[in-house]
file work06.tsv (TSV, C-alpha atoms)
chain	number	residue	atom	x	y	z
A	276	MET	CA	87.45	115.19	-122.85
A	277	SER	CA	89.06	118.62	-122.94
A	278	SER	CA	87.53	119.53	-126.27
A	279	THR	CA	84.12	118.42	-125.04
A	280	PHE	CA	84.62	120.34	-121.81
A	281	GLU	CA	85.56	123.50	-123.66
A	282	THR	CA	82.43	123.25	-125.78
A	283	VAL	CA	80.18	122.53	-122.79
A	284	ALA	CA	81.75	125.28	-120.69
A	285	GLY	CA	81.24	127.73	-123.53
A	286	ILE	CA	77.60	126.71	-123.83
A	287	ILE	CA	77.03	127.09	-120.08
A	288	SER	CA	78.77	130.43	-120.01
A	289	GLU	CA	76.74	131.81	-122.88
A	290	THR	CA	73.40	130.22	-122.01
A	291	ALA	CA	73.43	130.84	-118.26
A	292	ASP	CA	75.45	134.06	-118.37
A	293	ILE	CA	78.19	132.68	-116.13
A	294	PRO	CA	81.77	133.95	-116.51
A	295	ARG	CA	83.77	131.30	-118.35
A	296	ASP	CA	86.59	131.35	-115.78
A	297	LYS	CA	84.19	130.23	-113.04
A	298	ILE	CA	83.40	126.99	-114.87
A	299	THR	CA	85.77	124.11	-114.12
A	300	LEU	CA	85.70	120.35	-114.47
A	301	ASP	CA	84.84	120.12	-110.77
A	302	SER	CA	81.98	122.63	-110.92
A	303	HIS	CA	78.59	121.31	-109.88
A	304	ALA	CA	76.12	122.77	-112.35
A	305	ILE	CA	73.43	123.28	-109.72
A	306	ASP	CA	75.28	123.76	-106.42
A	307	ASP	CA	78.29	125.72	-107.67
A	308	LEU	CA	77.02	127.46	-110.80
A	309	GLY	CA	73.42	127.99	-109.66
A	310	ILE	CA	71.88	126.66	-112.84
A	311	ASP	CA	68.17	125.96	-112.35
A	312	SER	CA	66.15	123.29	-114.10
A	313	LEU	CA	64.81	125.65	-116.74
A	314	ALA	CA	68.25	126.97	-117.59
A	315	PHE	CA	69.52	123.41	-117.72
A	316	LEU	CA	66.97	122.64	-120.44
A	317	ASP	CA	68.42	125.51	-122.47
A	318	ILE	CA	71.88	124.07	-121.94
A	319	ALA	CA	70.65	120.59	-122.86
A	320	PHE	CA	69.25	121.93	-126.13
A	321	ALA	CA	72.55	123.58	-127.00
A	322	VAL	CA	74.48	120.42	-126.04
A	323	ASP	CA	72.08	118.21	-128.03
A	324	LYS	CA	72.59	120.41	-131.08
A	325	ALA	CA	76.35	120.76	-130.69
A	326	PHE	CA	77.00	117.03	-130.31
A	327	GLY	CA	74.07	115.53	-132.21
A	328	ILE	CA	72.88	113.61	-129.16
A	329	LYS	CA	69.92	113.57	-126.80
A	330	LEU	CA	70.88	114.02	-123.16
A	331	PRO	CA	68.54	111.74	-121.19
A	332	LEU	CA	67.67	114.47	-118.74
A	333	GLU	CA	64.35	113.02	-117.64
A	334	LYS	CA	65.94	109.68	-116.78
A	335	TRP	CA	68.75	111.36	-114.89
A	336	THR	CA	66.38	113.61	-112.97
A	337	GLN	CA	64.19	110.67	-112.03
A	338	GLU	CA	67.17	108.64	-110.82
A	339	VAL	CA	68.40	111.55	-108.71
A	340	ASN	CA	64.96	112.29	-107.29
A	341	GLU	CA	64.48	108.65	-106.37
A	342	GLY	CA	67.85	108.58	-104.63
A	343	LYS	CA	69.23	105.92	-106.96
A	344	VAL	CA	72.10	108.07	-108.22
A	345	PRO	CA	73.76	111.04	-106.50
A	346	ALA	CA	73.29	114.30	-108.42
A	347	GLU	CA	77.08	114.70	-108.74
A	348	GLU	CA	77.15	111.74	-111.13
A	349	TYR	CA	75.35	113.80	-113.72
A	350	PHE	CA	75.78	117.42	-112.78
A	351	VAL	CA	79.47	117.77	-111.88
A	352	LEU	CA	80.95	118.86	-115.17
A	353	LYS	CA	83.67	116.22	-115.48
A	354	ASN	CA	80.97	113.56	-115.10
A	355	LEU	CA	78.61	115.35	-117.45
A	356	VAL	CA	81.38	115.66	-120.03
A	357	ALA	CA	82.21	111.94	-119.70
A	358	ARG	CA	78.56	111.08	-120.29
A	359	ILE	CA	78.41	113.33	-123.33
A	360	ASP	CA	81.52	111.63	-124.71
A	361	ALA	CA	79.91	108.24	-124.09
A	362	LEU	CA	76.72	109.29	-125.88
A	363	VAL	CA	78.73	110.61	-128.82
A	364	ALA	CA	80.74	107.36	-128.97
A	365	ALA	CA	77.56	105.27	-128.79
A	366	LYS	CA	76.09	107.28	-131.64
A	367	GLY	CA	79.07	106.53	-133.84
A	368	ALA	CA	79.26	102.84	-132.92
B	281	MET	CA	39.99	133.42	-133.12
B	282	ARG	CA	38.70	134.72	-129.84
B	283	LEU	CA	41.58	136.84	-128.71
B	284	GLU	CA	40.29	137.64	-125.24
B	285	TYR	CA	39.80	133.92	-124.52
B	286	PHE	CA	43.17	132.95	-125.97
B	287	GLU	CA	41.44	130.76	-128.53
B	288	MET	CA	43.93	131.48	-131.29
B	289	ILE	CA	43.39	128.51	-133.59
B	290	ASP	CA	40.21	128.13	-135.65
B	291	ARG	CA	40.88	124.85	-137.40
B	292	VAL	CA	43.55	122.31	-138.15
B	293	VAL	CA	44.09	121.94	-141.88
B	294	GLU	CA	46.66	119.17	-141.83
B	295	ILE	CA	48.98	117.46	-139.42
B	296	ASP	CA	51.73	114.88	-139.82
B	297	ARG	CA	52.41	113.35	-136.42
B	298	THR	CA	55.30	111.25	-137.73
B	299	VAL	CA	57.29	114.00	-139.41
B	300	GLY	CA	56.12	116.61	-136.91
B	301	THR	CA	54.34	119.30	-138.92
B	302	ILE	CA	51.02	121.08	-138.57
B	303	LEU	CA	49.13	123.67	-140.60
B	304	VAL	CA	46.23	125.60	-139.05
B	305	ARG	CA	44.09	128.57	-140.04
B	306	SER	CA	42.56	131.40	-138.10
B	307	THR	CA	40.54	134.48	-138.89
B	308	VAL	CA	41.16	137.60	-136.84
B	309	PRO	CA	37.82	138.86	-135.50
B	310	GLN	CA	36.46	142.19	-136.64
B	311	ALA	CA	35.93	143.26	-133.05
B	312	SER	CA	37.59	142.35	-129.75
B	313	PRO	CA	38.17	144.10	-126.42
B	314	VAL	CA	41.87	143.71	-127.23
B	315	PHE	CA	41.48	146.27	-130.01
B	316	GLU	CA	40.06	148.83	-127.62
B	317	GLY	CA	43.54	149.28	-126.22
B	318	HIS	CA	45.74	148.08	-129.08
B	319	PHE	CA	45.18	150.62	-130.50
B	320	PRO	CA	42.25	153.03	-130.16
B	321	GLY	CA	41.24	153.90	-133.71
B	322	ARG	CA	43.94	151.68	-135.23
B	323	PRO	CA	43.22	148.05	-134.27
B	324	LEU	CA	46.21	145.71	-134.60
B	325	VAL	CA	46.79	142.22	-133.22
B	326	PRO	CA	49.57	142.55	-130.61
B	327	GLY	CA	52.81	140.73	-131.33
B	328	VAL	CA	52.48	138.86	-128.05
B	329	LEU	CA	49.23	137.32	-129.30
B	330	LEU	CA	50.86	136.37	-132.59
B	331	THR	CA	53.51	134.62	-130.49
B	332	GLU	CA	50.74	132.87	-128.56
B	333	THR	CA	49.17	131.81	-131.85
B	334	MET	CA	52.43	130.20	-132.99
B	335	ALA	CA	52.82	128.60	-129.57
B	336	GLN	CA	49.34	127.12	-129.72
B	337	ALA	CA	49.89	125.70	-133.22
B	338	SER	CA	53.14	124.16	-131.96
B	339	GLY	CA	51.46	123.01	-128.76
B	340	TYR	CA	48.70	121.15	-130.57
B	341	LEU	CA	51.32	119.50	-132.75
B	342	LEU	CA	53.28	118.34	-129.71
B	343	LEU	CA	50.11	117.22	-127.94
B	344	ALA	CA	49.00	115.20	-130.94
B	345	MET	CA	52.44	113.62	-131.37
B	346	ARG	CA	52.14	112.36	-127.78
B	347	GLU	CA	48.47	111.43	-128.13
B	348	PHE	CA	47.69	113.82	-125.31
B	349	SER	CA	49.76	111.86	-122.81
B	350	ARG	CA	51.96	114.82	-121.86
B	351	MET	CA	51.44	118.57	-121.98
B	352	PRO	CA	53.79	121.12	-123.56
B	353	PHE	CA	54.25	124.41	-121.70
B	354	LEU	CA	55.91	127.34	-123.43
B	355	MET	CA	59.28	128.01	-121.80
B	356	GLY	CA	61.16	130.07	-124.34
B	357	VAL	CA	60.81	132.21	-127.44
B	358	ASP	CA	63.82	132.77	-129.63
B	359	ARG	CA	64.35	134.84	-132.77
B	360	ALA	CA	60.78	136.13	-132.84
B	361	ARG	CA	60.11	138.52	-135.72
B	362	PHE	CA	56.95	140.46	-136.49
B	363	ARG	CA	57.19	141.43	-140.10
B	364	ASP	CA	53.84	143.01	-140.89
B	365	PHE	CA	50.74	144.37	-139.18
B	366	VAL	CA	47.72	142.16	-138.63
B	367	GLU	CA	44.36	143.89	-138.76
B	368	PRO	CA	40.80	142.75	-137.98
B	369	GLY	CA	39.47	140.29	-140.54
B	370	ALA	CA	42.89	139.00	-141.58
B	371	GLU	CA	43.03	135.37	-142.69
B	372	LEU	CA	46.06	133.74	-141.11
B	373	GLU	CA	47.79	130.51	-141.95
B	374	ILE	CA	50.02	129.22	-139.18
B	375	SER	CA	52.52	126.40	-139.64
B	376	ALA	CA	54.77	124.71	-137.12
B	377	GLU	CA	57.38	122.01	-137.38
B	378	LEU	CA	59.26	120.01	-134.81
B	379	GLU	CA	62.85	121.22	-134.77
B	380	HIS	CA	64.20	119.07	-131.95
B	381	GLU	CA	62.78	116.45	-129.63
B	382	GLY	CA	64.73	116.57	-126.39
B	383	SER	CA	64.37	114.73	-123.13
B	384	GLY	CA	61.63	116.59	-121.28
B	385	TYR	CA	61.54	119.43	-123.78
B	386	ALA	CA	60.86	120.10	-127.44
B	387	VAL	CA	61.71	122.87	-129.87
B	388	THR	CA	59.56	124.00	-132.79
B	389	LYS	CA	59.79	126.55	-135.56
B	390	SER	CA	56.60	128.34	-136.44
B	391	ARG	CA	55.49	131.01	-138.85
B	392	ILE	CA	52.39	132.98	-139.72
B	393	VAL	CA	51.50	134.11	-143.21
B	394	ALA	CA	48.54	136.02	-144.58
B	395	GLY	CA	48.21	135.26	-148.27
B	396	SER	CA	51.67	135.85	-149.69
B	397	LYS	CA	52.75	138.09	-146.82
B	398	ARG	CA	55.06	136.85	-144.10
B	399	ILE	CA	53.64	138.02	-140.81
B	400	ALA	CA	55.72	136.46	-138.05
B	401	ASP	CA	58.09	133.64	-137.22
B	402	ALA	CA	59.84	132.33	-134.15
B	403	GLU	CA	61.63	129.41	-132.60
B	404	LEU	CA	59.70	128.15	-129.59
B	405	ARG	CA	60.81	125.93	-126.76
B	406	PHE	CA	58.46	123.85	-124.64
B	407	ARG	CA	58.86	121.97	-121.41
B	408	ILE	CA	57.04	118.65	-121.65
B	409	LEU	CA	55.36	117.71	-118.38
B	410	PRO	CA	52.89	115.10	-117.17
B	411	PHE	CA	49.39	116.07	-118.25
B	412	PRO	CA	47.66	118.01	-115.46
B	413	ALA	CA	44.48	116.06	-114.73
B	414	GLU	CA	42.35	119.18	-114.55
B	415	LEU	CA	43.38	120.20	-118.07
B	416	ASP	CA	42.89	116.87	-119.79
B	417	HIS	CA	39.18	117.25	-120.53
B	418	LEU	CA	39.51	120.91	-121.52
B	419	MET	CA	42.40	120.33	-123.89
B	420	ARG	CA	40.73	117.38	-125.56
B	421	ALA	CA	37.51	119.36	-125.99
B	422	ARG	CA	39.32	122.33	-127.49
B	423	ALA	CA	41.38	120.09	-129.77
B	424	GLY	CA	38.22	118.40	-130.97
B	425	ALA	CA	36.60	121.77	-131.64
B	426	ILE	CA	39.41	122.78	-134.00
B	427	GLY	CA	39.33	119.46	-135.83
B	428	LEU	CA	42.26	117.74	-134.20
B	429	ALA	CA	41.34	114.10	-133.76
B	430	VAL	CA	42.09	112.80	-130.30
B	431	GLY	CA	41.97	109.30	-128.95
B	432	PRO	CA	40.10	108.15	-125.85
B	433	ALA	CA	41.10	109.68	-122.52

call {"tool": "encode", "arguments": {"input": "work06.tsv", "output": "C-alpha coordinates"}}
result
Amino acid sequence: MSSTFETVAGIISETADIPRDKITLDSHAIDDLGIDSLAFLDIAFAVDKAFGIKLPLEKWTQEVNEGKVPAEEYFVLKNLVARIDALVAAKGA
Amino acid sequence: MRLEYFEMIDRVVEIDRTVGTILVRSTVPQASPVFEGHFPGRPLVPGVLLTETMAQASGYLLLAMREFSRMPFLMGVDRARFRDFVEPGAELEISAELEHEGSGYAVTKSRIVAGSKRIADAELRFRILPFPAELDHLMRARAGAIGLAVGPA
(Lines of atoms letter the chains of each structure in order from A and count residues from 1; the text may use other names and numbers.)
(Lines give C-alpha, C1' and ligand atoms only; values in the text may rest on other atoms or scores of the structure.)
Protein backbone atom coordinates (compact mmCIF):
# COMPACT_ATOMS: atom_id res chain seq x y z
CA MET A 1 0.00 0.00 0.00
CA SER A 2 2.79 2.44 0.84
CA SER A 3 4.09 2.55 -2.70
CA THR A 4 0.58 3.15 -4.01
CA PHE A 5 0.02 5.82 -1.36
CA GLU A 6 3.23 7.60 -2.27
CA THR A 7 2.22 7.67 -5.92
CA VAL A 8 -1.31 8.85 -5.17
CA ALA A 9 -0.13 11.48 -2.69
CA GLY A 10 2.33 12.78 -5.26
CA ILE A 11 -0.43 12.99 -7.87
CA ILE A 12 -2.75 14.84 -5.48
CA SER A 13 -0.01 17.21 -4.43
CA GLU A 14 0.93 18.06 -7.99
CA THR A 15 -2.56 18.10 -9.49
CA ALA A 16 -4.37 19.96 -6.72
CA ASP A 17 -1.40 22.06 -5.61
CA ILE A 18 -1.51 20.75 -2.04
CA PRO A 19 1.71 20.53 0.00
CA ARG A 20 2.80 16.90 0.10
CA ASP A 21 3.25 16.92 3.88
CA LYS A 22 -0.44 17.72 4.38
CA ILE A 23 -1.51 14.50 2.65
CA THR A 24 -1.75 11.46 4.93
CA LEU A 25 -3.42 8.08 4.80
CA ASP A 26 -6.20 9.48 6.99
CA SER A 27 -6.80 12.57 4.85
CA HIS A 28 -10.29 12.91 3.42
CA ALA A 29 -9.82 14.13 -0.13
CA ILE A 30 -12.87 16.40 0.00
CA ASP A 31 -13.27 17.38 3.66
CA ASP A 32 -9.60 17.65 4.64
CA LEU A 33 -7.84 18.48 1.39
CA GLY A 34 -10.62 20.54 -0.19
CA ILE A 35 -10.49 18.76 -3.53
CA ASP A 36 -13.58 19.55 -5.60
CA SER A 37 -15.23 17.26 -8.12
CA LEU A 38 -13.49 18.83 -11.09
CA ALA A 39 -10.07 18.54 -9.49
CA PHE A 40 -10.87 14.96 -8.56
CA LEU A 41 -11.40 14.16 -12.25
CA ASP A 42 -7.90 15.47 -12.93
CA ILE A 43 -6.59 13.25 -10.15
CA ALA A 44 -8.57 10.29 -11.48
CA PHE A 45 -7.00 10.77 -14.91
CA ALA A 46 -3.51 10.80 -13.44
CA VAL A 47 -4.30 7.75 -11.29
CA ASP A 48 -5.84 5.90 -14.25
CA LYS A 49 -2.71 6.57 -16.29
CA ALA A 50 -0.26 5.76 -13.51
CA PHE A 51 -1.84 2.42 -12.60
CA GLY A 52 -3.45 1.40 -15.90
CA ILE A 53 -6.89 1.21 -14.33
CA LYS A 54 -10.23 3.00 -14.55
CA LEU A 55 -11.42 4.37 -11.23
CA PRO A 56 -15.21 3.86 -11.21
CA LEU A 57 -15.86 7.41 -10.11
CA GLU A 58 -19.39 7.64 -11.44
CA LYS A 59 -20.44 4.49 -9.57
CA TRP A 60 -18.82 5.70 -6.37
CA THR A 61 -20.41 9.13 -6.64
CA GLN A 62 -23.83 7.63 -7.27
CA GLU A 63 -23.51 5.30 -4.27
CA VAL A 64 -22.47 8.18 -2.03
CA ASN A 65 -25.20 10.48 -3.31
CA GLU A 66 -27.82 7.78 -2.77
CA GLY A 67 -26.59 7.23 0.78
CA LYS A 68 -25.64 3.61 0.10
CA VAL A 69 -21.97 4.10 0.98
CA PRO A 70 -20.39 6.75 3.21
CA ALA A 71 -18.05 9.06 1.31
CA GLU A 72 -15.14 8.05 3.58
CA GLU A 73 -15.18 4.59 2.00
CA TYR A 74 -13.91 6.07 -1.22
CA PHE A 75 -12.40 9.42 -0.42
CA VAL A 76 -10.29 8.82 2.70
CA LEU A 77 -6.91 8.10 1.19
CA LYS A 78 -6.19 4.78 2.91
CA ASN A 79 -9.50 3.49 1.52
CA LEU A 80 -8.87 5.00 -1.89
CA VAL A 81 -5.41 3.43 -1.98
CA ALA A 82 -6.85 0.02 -1.00
CA ARG A 83 -9.37 0.28 -3.83
CA ILE A 84 -6.65 1.21 -6.30
CA ASP A 85 -4.62 -1.79 -5.16
CA ALA A 86 -7.69 -4.00 -5.61
CA LEU A 87 -8.29 -2.67 -9.12
CA VAL A 88 -4.65 -3.23 -10.03
CA ALA A 89 -4.80 -6.79 -8.64
CA ALA A 90 -8.03 -7.49 -10.52
CA LYS A 91 -6.42 -6.26 -13.72
CA GLY A 92 -3.55 -8.69 -13.32
CA ALA A 93 -5.73 -11.65 -12.33
CA MET B 1 -16.98 28.02 -40.21
CA ARG B 2 -19.07 30.76 -38.70
CA LEU B 3 -16.76 32.06 -36.04
CA GLU B 4 -19.20 34.42 -34.36
CA TYR B 5 -21.73 31.59 -33.97
CA PHE B 6 -19.13 29.11 -32.75
CA GLU B 7 -19.90 26.85 -35.70
CA MET B 8 -16.33 25.67 -36.12
CA ILE B 9 -16.82 22.44 -38.05
CA ASP B 10 -17.96 22.43 -41.68
CA ARG B 11 -18.11 18.71 -42.37
CA VAL B 12 -17.13 15.35 -41.02
CA VAL B 13 -14.84 13.51 -43.41
CA GLU B 14 -14.49 10.26 -41.52
CA ILE B 15 -15.15 8.86 -38.10
CA ASP B 16 -14.34 5.55 -36.43
CA ARG B 17 -16.55 5.20 -33.38
CA THR B 18 -14.89 1.93 -32.32
CA VAL B 19 -11.29 3.08 -32.38
CA GLY B 20 -12.22 6.64 -31.42
CA THR B 21 -10.96 8.86 -34.24
CA ILE B 22 -12.51 11.64 -36.28
CA LEU B 23 -11.37 13.81 -39.18
CA VAL B 24 -13.24 17.01 -40.06
CA ARG B 25 -12.67 19.96 -42.37
CA SER B 26 -13.42 23.64 -42.09
CA THR B 27 -12.83 26.72 -44.18
CA VAL B 28 -12.06 29.96 -42.39
CA PRO B 29 -14.44 32.65 -43.69
CA GLN B 30 -13.08 35.61 -45.61
CA ALA B 31 -14.96 37.99 -43.35
CA SER B 32 -16.16 37.82 -39.75
CA PRO B 33 -16.81 40.34 -36.97
CA VAL B 34 -14.07 38.49 -35.09
CA PHE B 35 -11.52 39.86 -37.53
CA GLU B 36 -12.58 43.42 -36.83
CA GLY B 37 -10.84 43.15 -33.50
CA HIS B 38 -8.33 40.35 -34.09
CA PHE B 39 -6.67 42.26 -35.65
CA PRO B 40 -7.65 45.46 -37.46
CA GLY B 41 -5.89 45.29 -40.82
CA ARG B 42 -4.30 41.91 -40.04
CA PRO B 43 -7.08 39.32 -39.62
CA LEU B 44 -6.04 36.17 -37.76
CA VAL B 45 -8.12 33.42 -36.17
CA PRO B 46 -7.59 33.71 -32.40
CA GLY B 47 -5.91 30.79 -30.68
CA VAL B 48 -8.89 30.44 -28.37
CA LEU B 49 -11.09 29.72 -31.39
CA LEU B 50 -8.60 27.18 -32.70
CA THR B 51 -8.88 25.52 -29.29
CA GLU B 52 -12.66 25.60 -29.61
CA THR B 53 -12.35 24.02 -33.06
CA MET B 54 -10.31 21.13 -31.65
CA ALA B 55 -12.77 20.82 -28.76
CA GLN B 56 -15.72 20.62 -31.13
CA ALA B 57 -14.06 17.96 -33.29
CA SER B 58 -13.36 15.98 -30.11
CA GLY B 59 -16.84 16.67 -28.80
CA TYR B 60 -18.56 15.32 -31.90
CA LEU B 61 -16.38 12.23 -31.68
CA LEU B 62 -17.36 11.65 -28.05
CA LEU B 63 -21.02 12.36 -28.80
CA ALA B 64 -21.03 9.89 -31.67
CA MET B 65 -19.26 7.22 -29.63
CA ARG B 66 -22.10 7.49 -27.09
CA GLU B 67 -24.80 7.78 -29.75
CA PHE B 68 -25.77 11.13 -28.30
CA SER B 69 -26.75 9.62 -24.97
CA ARG B 70 -24.39 11.82 -22.94
CA MET B 71 -22.85 15.21 -23.56
CA PRO B 72 -19.16 16.11 -23.29
CA PHE B 73 -18.31 19.49 -21.76
CA LEU B 74 -14.80 20.88 -22.08
CA MET B 75 -13.16 20.93 -18.65
CA GLY B 76 -9.47 21.20 -19.39
CA VAL B 77 -6.91 22.08 -22.03
CA ASP B 78 -3.38 20.79 -21.68
CA ARG B 79 -0.25 21.30 -23.75
CA ALA B 80 -1.97 23.59 -26.26
CA ARG B 81 0.38 24.87 -28.95
CA PHE B 82 -0.35 27.34 -31.74
CA ARG B 83 2.33 26.82 -34.30
CA ASP B 84 1.31 29.04 -37.20
CA PHE B 85 -1.07 31.86 -38.07
CA VAL B 86 -4.47 31.13 -39.57
CA GLU B 87 -5.79 33.71 -42.00
CA PRO B 88 -9.16 34.17 -43.73
CA GLY B 89 -9.79 31.56 -46.40
CA ALA B 90 -7.55 28.92 -44.83
CA GLU B 91 -8.58 25.31 -45.38
CA LEU B 92 -8.24 23.44 -42.11
CA GLU B 93 -8.18 19.75 -41.41
CA ILE B 94 -8.90 18.86 -37.81
CA SER B 95 -8.33 15.41 -36.34
CA ALA B 96 -9.07 14.08 -32.88
CA GLU B 97 -8.50 10.77 -31.20
CA LEU B 98 -9.67 9.31 -27.94
CA GLU B 99 -6.72 9.19 -25.57
CA HIS B 100 -8.46 7.87 -22.46
CA GLU B 101 -11.99 6.88 -21.56
CA GLY B 102 -12.46 7.49 -17.86
CA SER B 103 -15.45 7.16 -15.59
CA GLY B 104 -17.42 10.36 -16.14
CA TYR B 105 -14.68 11.98 -18.19
CA ALA B 106 -12.73 11.48 -21.40
CA VAL B 107 -9.45 12.75 -22.78
CA THR B 108 -8.69 13.42 -26.43
CA LYS B 109 -5.72 14.58 -28.47
CA SER B 110 -6.49 16.89 -31.34
CA ARG B 111 -4.57 18.73 -34.00
CA ILE B 112 -5.19 21.17 -36.81
CA VAL B 113 -3.25 21.21 -40.05
CA ALA B 114 -3.52 23.38 -43.15
CA GLY B 115 -2.02 21.51 -46.07
CA SER B 116 1.38 20.36 -44.84
CA LYS B 117 1.56 22.99 -42.10
CA ARG B 118 0.95 22.10 -38.48
CA ILE B 119 -1.28 24.77 -37.03
CA ALA B 120 -2.23 23.71 -33.52
CA ASP B 121 -2.48 20.75 -31.19
CA ALA B 122 -3.69 20.12 -27.67
CA GLU B 123 -4.79 17.52 -25.18
CA LEU B 124 -8.39 18.13 -24.16
CA ARG B 125 -10.33 16.84 -21.21
CA PHE B 126 -14.11 16.55 -21.11
CA ARG B 127 -16.58 15.93 -18.35
CA ILE B 128 -19.27 13.55 -19.57
CA LEU B 129 -22.69 14.45 -18.22
CA PRO B 130 -26.29 13.43 -18.84
CA PHE B 131 -27.54 15.05 -22.03
CA PRO B 132 -29.33 18.31 -21.21
CA ALA B 133 -32.81 17.92 -22.69
CA GLU B 134 -32.83 21.42 -24.14
CA LEU B 135 -29.65 20.71 -26.11
CA ASP B 136 -30.62 17.35 -27.55
CA HIS B 137 -32.48 18.65 -30.60
CA LEU B 138 -29.93 21.39 -31.29
CA MET B 139 -26.94 19.07 -31.10
CA ARG B 140 -28.54 16.46 -33.31
CA ALA B 141 -29.48 19.11 -35.87
CA ARG B 142 -25.98 20.57 -35.93
CA ALA B 143 -24.40 17.11 -36.14
CA GLY B 144 -26.65 16.26 -39.06
CA ALA B 145 -25.72 19.50 -40.80
CA ILE B 146 -22.02 18.61 -40.72
CA GLY B 147 -22.64 15.09 -41.98
CA LEU B 148 -22.45 13.19 -38.72
CA ALA B 149 -25.07 10.47 -38.83
CA VAL B 150 -27.16 10.33 -35.69
CA GLY B 151 -29.71 7.78 -34.60
CA PRO B 152 -33.27 8.50 -33.49
CA ALA B 153 -33.75 10.70 -30.42

call {"tool": "closest_atom_pairs", "arguments": {"input": "work06.tsv", "of": "chain B", "to": "chain A", "cutoff": "10 Å", "atoms": "only C-alpha atoms", "output": "CSV"}}
result
residue,atom,partner,partner_atom,distance
B:Met355,CA,A:Leu313,CA,7.9
B:Gly356,CA,A:Asp317,CA,8.8
B:His380,CA,A:Phe320,CA,8.2
B:Glu381,CA,A:Lys329,CA,8.2
B:Gly382,CA,A:Lys329,CA,6.0
B:Ser383,CA,A:Pro331,CA,5.5
B:Gly384,CA,A:Glu333,CA,5.8
B:Tyr385,CA,A:Leu316,CA,7.1
B:Ala386,CA,A:Phe320,CA,8.7
B:Val387,CA,A:Phe320,CA,8.5
B:Arg405,CA,A:Asp317,CA,8.7
B:Phe406,CA,A:Leu316,CA,9.6
B:Arg407,CA,A:Leu316,CA,8.2

call {"tool": "residues_around", "arguments": {"input": "work06.tsv", "residues": "Ser312 of chain B", "least_positions_apart": "3", "cutoff": "8 Å", "atoms": "only C-alpha atoms", "output": "ChimeraX atom specification"}}
result
/B:282-284,309,315-316

call {"tool": "write_last_selection", "arguments": {"input": "work06.tsv", "atoms": "C-alpha atoms", "output": "short mmCIF file (atom, residue, chain, number, x, y, z; two decimals), in the coordinates of the input"}}
result
data_model
loop_
_atom_site.label_atom_id
_atom_site.label_comp_id
_atom_site.auth_asym_id
_atom_site.auth_seq_id
_atom_site.Cartn_x
_atom_site.Cartn_y
_atom_site.Cartn_z
CA ARG B 282 38.70 134.72 -129.84
CA LEU B 283 41.58 136.84 -128.71
CA GLU B 284 40.29 137.64 -125.24
CA PRO B 309 37.82 138.86 -135.50
CA PHE B 315 41.48 146.27 -130.01
CA GLU B 316 40.06 148.83 -127.62
#

call {"tool": "atom_distance", "arguments": {"input": "work06.tsv", "atom1": "atom CA of Tyr340 of chain B", "atom2": "atom CA of Glu403 of chain B"}}
result
15.5 Å

call {"tool": "closest_residue", "arguments": {"input": "work06.tsv", "among": "A:Val339, A:Ala291, A:Ala357, A:Ala365", "to": "Phe315 of chain A", "atoms": "all atoms listed in the file"}}
result
A:Ala291

call {"tool": "closest_residue", "arguments": {"input": "work06.tsv", "among": "A:Ala364, A:Val356, A:Thr336, A:Leu308", "to": "Thr279 of chain A", "atoms": "only C-alpha atoms"}}
result
A:Val356

call {"tool": "residues_around", "arguments": {"input": "work06.tsv", "residues": "segment 334-339 of chain B", "least_positions_apart": "4", "cutoff": "10 Å", "atoms": "all atoms listed in the file", "output": "ChimeraX atom specification"}}
result
/B:286-289,291-292,300-305,328-330,343-345,351-354,356-357,374-378,386-392,400-406

call {"tool": "atom_distance", "arguments": {"input": "work06.tsv", "atom1": "atom CA of Val351 of chain A", "atom2": "atom CA of Ala284 of chain A"}}
result
11.8 Å

call {"tool": "residues_around", "arguments": {"input": "work06.tsv", "residues": "Ala325 of chain A", "least_positions_apart": "4", "cutoff": "9 Å", "atoms": "all atoms listed in the file", "output": "ChimeraX atom specification"}}
result
/A:282-283,320-321

call {"tool": "atom_distance", "arguments": {"input": "work06.tsv", "atom1": "atom CA of Ala394 of chain B", "atom2": "atom CA of Glu371 of chain B"}}
result
5.9 Å

call {"tool": "residues_around", "arguments": {"input": "work06.tsv", "residues": "Phe350 of chain A", "least_positions_apart": "6", "cutoff": "8 Å", "atoms": "all atoms listed in the file", "output": "list in words"}}
result
His303, Ala304 and Ile305 of chain A

call {"tool": "residues_around", "arguments": {"input": "work06.tsv", "residues": "Arg295 of chain A", "least_positions_apart": "3", "cutoff": "8 Å", "atoms": "only C-alpha atoms", "output": "count of residues only"}}
result
4

call {"tool": "closest_residue", "arguments": {"input": "work06.tsv", "among": "B:Thr331, B:Phe319, B:Leu342, B:Leu428", "to": "Arg359 of chain B", "atoms": "all atoms listed in the file"}}
result
B:Thr331
